[in-house]
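**Student:** So here's model10.cif, just mmCIF, C-alpha atoms:
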data_model
#
loop_
_atom_site.group_PDB
_atom_site.id
_atom_site.type_symbol
_atom_site.label_atom_id
_atom_site.label_comp_id
_atom_site.auth_asym_id
_atom_site.auth_seq_id
_atom_site.Cartn_x
_atom_site.Cartn_y
_atom_site.Cartn_z
ATOM 1 C CA MET A 1 50.523 122.664 122.288
ATOM 2 C CA GLU A 2 47.963 120.457 124.024
ATOM 3 C CA GLU A 3 46.345 117.636 122.091
ATOM 4 C CA GLU A 4 42.844 119.141 122.102
ATOM 5 C CA THR A 5 44.128 122.574 121.098
ATOM 6 C CA SER A 6 46.163 120.979 118.310
ATOM 7 C CA LEU A 7 43.102 119.226 116.929
ATOM 8 C CA TRP A 8 41.031 122.438 117.024
ATOM 9 C CA ALA A 9 43.800 124.328 115.224
ATOM 10 C CA LEU A 10 43.945 121.527 112.644
ATOM 11 C CA PHE A 11 40.168 121.646 112.124
ATOM 12 C CA ILE A 12 40.174 125.435 111.620
ATOM 13 C CA ALA A 13 43.176 125.322 109.281
ATOM 14 C CA SER A 14 41.599 122.475 107.287
ATOM 15 C CA PHE A 15 38.258 124.256 107.020
ATOM 16 C CA LEU A 16 39.770 127.556 105.906
ATOM 17 C CA ALA A 17 42.126 125.856 103.439
ATOM 18 C CA ALA A 18 39.130 124.344 101.631
ATOM 19 C CA THR A 19 37.327 127.643 101.145
ATOM 20 C CA LEU A 20 38.292 130.280 98.611
ATOM 21 C CA LEU A 21 40.627 131.777 101.231
ATOM 22 C CA PRO A 22 44.327 131.017 100.747
ATOM 23 C CA GLY A 23 46.022 128.614 103.103
ATOM 24 C CA GLY A 24 47.244 125.086 103.508
ATOM 25 C CA SER A 25 46.457 122.535 106.150
ATOM 26 C CA GLU A 26 49.042 119.898 105.290
ATOM 27 C CA ALA A 27 51.742 121.674 107.293
ATOM 28 C CA VAL A 28 49.422 121.894 110.302
ATOM 29 C CA LEU A 29 48.633 118.171 110.068
ATOM 30 C CA PHE A 30 52.339 117.408 109.740
ATOM 31 C CA GLY A 31 53.049 119.515 112.838
ATOM 32 C CA VAL A 32 50.265 117.908 114.887
ATOM 33 C CA LEU A 33 51.484 114.427 113.965
ATOM 34 C CA SER A 34 55.085 115.368 114.729
ATOM 35 C CA GLN A 35 54.120 116.482 118.232
ATOM 36 C CA HIS A 36 51.381 113.920 118.925
ATOM 37 C CA ALA A 37 52.006 110.737 116.913
ATOM 38 C CA GLY A 38 49.344 108.935 118.926
ATOM 39 C CA LEU A 39 46.675 111.225 117.472
ATOM 40 C CA ALA A 40 47.099 109.942 113.913
ATOM 41 C CA ALA A 41 43.593 108.514 113.485
ATOM 42 C CA GLY A 42 41.915 111.444 115.228
ATOM 43 C CA ALA A 43 43.977 113.988 113.329
ATOM 44 C CA LEU A 44 43.107 112.336 109.998
ATOM 45 C CA GLY A 45 39.425 112.442 110.896
ATOM 46 C CA VAL A 46 39.531 116.054 112.075
ATOM 47 C CA ALA A 47 41.490 117.260 109.039
ATOM 48 C CA THR A 48 39.213 115.395 106.629
ATOM 49 C CA ALA A 49 36.059 116.653 108.339
ATOM 50 C CA GLY A 50 37.259 120.267 108.428
ATOM 51 C CA ASN A 51 38.442 120.252 104.831
ATOM 52 C CA THR A 52 35.279 118.540 103.609
ATOM 53 C CA LEU A 53 33.056 121.013 105.469
ATOM 54 C CA GLY A 54 35.036 123.858 103.933
ATOM 55 C CA GLY A 55 34.571 122.326 100.495
ATOM 56 C CA MET A 56 30.851 121.917 101.104
ATOM 57 C CA THR A 57 30.740 125.607 102.058
ATOM 58 C CA SER A 58 32.165 126.411 98.627
ATOM 59 C CA TYR A 59 29.598 124.020 97.119
ATOM 60 C CA ALA A 60 26.820 125.910 98.945
ATOM 61 C CA LEU A 61 28.151 129.216 97.605
ATOM 62 C CA GLY A 62 27.920 127.746 94.108
ATOM 63 C CA ARG A 63 24.332 126.707 94.781
ATOM 64 C CA ILE A 64 23.261 130.287 95.469
ATOM 65 C CA LEU A 65 24.515 131.390 92.043
ATOM 66 C CA PRO A 66 21.833 131.430 89.325
ATOM 67 C CA ALA A 67 21.418 127.990 87.793
ATOM 68 C CA PRO A 68 22.742 127.512 84.270
ATOM 69 C CA MET A 69 19.856 127.597 81.818
ATOM 70 C CA PRO A 70 20.751 125.975 78.495
ATOM 71 C CA ASP A 71 18.394 126.920 75.662
ATOM 72 C CA ALA A 72 17.590 123.749 73.707
ATOM 73 C CA ALA A 73 16.265 125.812 70.769
ATOM 74 C CA THR A 74 19.767 126.522 69.456
ATOM 75 C CA ARG A 75 22.603 124.182 68.482
ATOM 76 C CA ALA A 76 24.859 125.618 71.229
ATOM 77 C CA GLY A 77 21.986 125.321 73.681
ATOM 78 C CA ARG A 78 21.491 121.651 72.841
ATOM 79 C CA TRP A 79 25.218 121.071 73.318
ATOM 80 C CA ARG A 80 25.075 122.834 76.711
ATOM 81 C CA ALA A 81 22.032 120.770 77.704
ATOM 82 C CA ARG A 82 23.944 117.567 76.909
ATOM 83 C CA ALA A 83 27.012 118.865 78.779
ATOM 84 C CA PHE A 84 24.936 119.670 81.863
ATOM 85 C CA ALA A 85 23.255 116.255 81.711
ATOM 86 C CA TRP A 86 26.697 114.633 81.463
ATOM 87 C CA ALA A 87 27.951 116.710 84.404
ATOM 88 C CA HIS A 88 24.980 115.624 86.486
ATOM 89 C CA ARG A 89 25.579 111.990 85.599
ATOM 90 C CA TYR A 90 29.388 111.821 85.901
ATOM 91 C CA GLY A 91 30.418 115.070 87.555
ATOM 92 C CA ALA A 92 30.752 114.200 91.241
ATOM 93 C CA PRO A 93 33.755 111.820 90.861
ATOM 94 C CA VAL A 94 35.775 114.795 89.633
ATOM 95 C CA LEU A 95 35.698 116.004 93.240
ATOM 96 C CA LEU A 96 38.178 113.273 94.156
ATOM 97 C CA VAL A 97 40.751 115.916 93.143
ATOM 98 C CA SER A 98 39.089 118.790 95.005
ATOM 99 C CA TRP A 99 42.166 118.914 97.233
ATOM 100 C CA LEU A 100 44.402 120.141 94.403
ATOM 101 C CA PRO A 101 45.721 123.690 94.739
ATOM 102 C CA PHE A 102 44.168 126.361 92.519
ATOM 103 C CA ILE A 103 41.516 124.126 90.928
ATOM 104 C CA GLY A 104 40.001 122.326 93.912
ATOM 105 C CA ASP A 105 38.068 125.262 95.358
ATOM 106 C CA PRO A 106 36.591 126.324 91.998
ATOM 107 C CA LEU A 107 35.613 122.691 91.373
ATOM 108 C CA CYS A 108 33.579 122.720 94.578
ATOM 109 C CA VAL A 109 31.874 125.984 93.598
ATOM 110 C CA ALA A 110 31.190 124.630 90.099
ATOM 111 C CA ALA A 111 29.645 121.465 91.548
ATOM 112 C CA GLY A 112 27.173 123.622 93.457
ATOM 113 C CA TRP A 113 26.497 125.837 90.451
ATOM 114 C CA LEU A 114 25.790 122.766 88.305
ATOM 115 C CA ARG A 115 23.462 121.491 91.045
ATOM 116 C CA LEU A 116 25.288 118.170 91.389
ATOM 117 C CA SER A 117 23.889 115.872 94.057
ATOM 118 C CA TRP A 118 25.171 117.087 97.420
ATOM 119 C CA GLY A 119 25.423 113.515 98.721
ATOM 120 C CA ALA A 120 27.628 112.356 95.859
ATOM 121 C CA VAL A 121 29.682 115.539 96.087
ATOM 122 C CA LEU A 122 30.187 114.994 99.816
ATOM 123 C CA VAL A 123 31.305 111.375 99.380
ATOM 124 C CA PHE A 124 33.776 111.981 96.554
ATOM 125 C CA MET A 125 35.118 115.155 98.124
ATOM 126 C CA ALA A 126 35.697 113.433 101.481
ATOM 127 C CA LEU A 127 37.383 110.420 99.850
ATOM 128 C CA GLY A 128 39.805 112.594 97.913
ATOM 129 C CA LYS A 129 40.653 114.752 100.892
ATOM 130 C CA PHE A 130 41.078 111.722 103.161
ATOM 131 C CA ALA A 131 43.478 110.103 100.682
ATOM 132 C CA ARG A 132 45.568 113.267 100.545
ATOM 133 C CA TYR A 133 45.752 113.506 104.351
ATOM 134 C CA CYS A 134 46.682 109.818 104.588
ATOM 135 C CA PHE A 135 49.625 110.535 102.302
ATOM 136 C CA VAL A 136 50.709 113.466 104.473
ATOM 137 C CA ALA A 137 50.370 111.310 107.611
ATOM 138 C CA TRP A 138 52.411 108.547 106.002
ATOM 139 C CA ILE A 139 55.205 111.054 105.342
ATOM 140 C CA ALA A 140 54.965 112.498 108.871
ATOM 141 C CA LEU A 141 55.065 109.147 110.637
#
Show the structure stored in the file as structure tokens.
**Tutor:**
Amino acid sequence: MEEETSLWALFIASFLAATLLPGGSEAVLFGVLSQHAGLAAGALGVATAGNTLGGMTSYALGRILPAPMPDAATRAGRWRARAFAWAHRYGAPVLLVSWLPFIGDPLCVAAGWLRLSWGAVLVFMALGKFARYCFVAWIAL
């Protein structure tokens, strides 16, 4: 497969793998690096960008869900209000593990539903996904 075609296939696989659709992009990255070792930096960037954009799509889907409305008049409501405040303050770093199977995609949706800062979500999500792809590249090369 040509280099450009390989990178496009990697981008699409990475994007789709980060949405609620099933799929994995690690094997595609491994294959691209096996055929085109000179594309390591570009392939890491493409895979990270595609997977992060897919994760942000899940985040956007979470944003269109009705916002959680804790009722501070009850004890449970006060607890929920504190939990939501805590999630807003410390929640985005959890997205460093948004690449994990089975829990990563729901984490991205939950971040949108909780209305976490999109900028912080983007940064932590991209860092986690980049680290995972670096590990795959290290194995492939």
**Student:** In Å, with one decimal, what is the gap from CA of Val46 in chain A to CA of Ala111 in chain A?
**Tutor:**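 Separating CA of Val46 in chain A from CA of Ala111 in chain A is a distance of 23.4 Å.
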**Student:** Kindly resolve the PyMOL selection byres ((chain A and resi 51) around 8) on the present coordinates and return the residues as a PyMOL selection string.
**Tutor:** chain A and resi 11+14-18+47-50+52-55+129
**Student:** What's the separation between CA of Ala9 in chain A and CA of Phe130 in chain A, in Å to one decimal place?
**Tutor:** 17.7 Å
**Student:** Applying the PyMOL selection byres ((chain A and resi 34) around 12) to the file I just gave you, which residues come out? Please list them as a PyMOL selection string.
**Tutor:** chain A and resi 1+3+6+27-33+35-40+43+136-141
**Student:** Kindly provide, as an MDAnalysis selection string, the polymer residues lying within 12 Å of (43.3, 132.5, 99.1), counting only C-alpha atoms and using the coordinates exactly as they appear in the file.
**Tutor:** chainID A and resid 16:24 101:106
**Student:** Calculate how many Å separate CA of Ala67 in chain A from CA of Gly128 in chain A, rounding to one decimal.
**Tutor:**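 Between CA of Ala67 in chain A and CA of Gly128 in chain A the gap works out to 26.0 Å.
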**Student:** May I have the residues within 10 Å of Ser117 in chain A as an mmCIF file with C-alpha atoms, in the coordinates of the input, using only C-alpha atoms and disregarding those fewer than 2 positions away in the same chain?
**Tutor:**
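Now in result.cif:
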data_model
loop_
_atom_site.group_PDB
_atom_site.id
_atom_site.type_symbol
_atom_site.label_atom_id
_atom_site.label_comp_id
_atom_site.auth_asym_id
_atom_site.auth_seq_id
_atom_site.Cartn_x
_atom_site.Cartn_y
_atom_site.Cartn_z
ATOM 1 C CA HIS A 88 24.980 115.624 86.486
ATOM 2 C CA ARG A 89 25.579 111.990 85.599
ATOM 3 C CA GLY A 91 30.418 115.070 87.555
ATOM 4 C CA ALA A 92 30.752 114.200 91.241
ATOM 5 C CA ALA A 111 29.645 121.465 91.548
ATOM 6 C CA GLY A 112 27.173 123.622 93.457
ATOM 7 C CA LEU A 114 25.790 122.766 88.305
ATOM 8 C CA ARG A 115 23.462 121.491 91.045
ATOM 9 C CA GLY A 119 25.423 113.515 98.721
ATOM 10 C CA ALA A 120 27.628 112.356 95.859
ATOM 11 C CA VAL A 121 29.682 115.539 96.087
ATOM 12 C CA LEU A 122 30.187 114.994 99.816
#
**Student:** Ranking A:Ala126, A:Ala41, A:Leu65, A:Ala110 by minimum distance to Leu96 in chain A and counting all atoms listed in the file, which one comes first?
**Tutor:**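 The shortest atom-to-atom distance to Leu96 in chain A comes from A:Ala126.
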**Student:** Which residue is closest to Thr57 in chain A? Choose from A:Arg132, A:Cys108, A:Thr5, A:Phe124 and count only C-alpha atoms.
**Tutor:**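 The answer is A:Cys108, which sits nearest to Thr57 in chain A.
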**Student:** Would you please work out which residue, of A:Leu95, A:Val123, A:Val109, A:Leu44, is nearest to Ser58 in chain A when using all atoms listed in the file?
**Tutor:** A:Val109
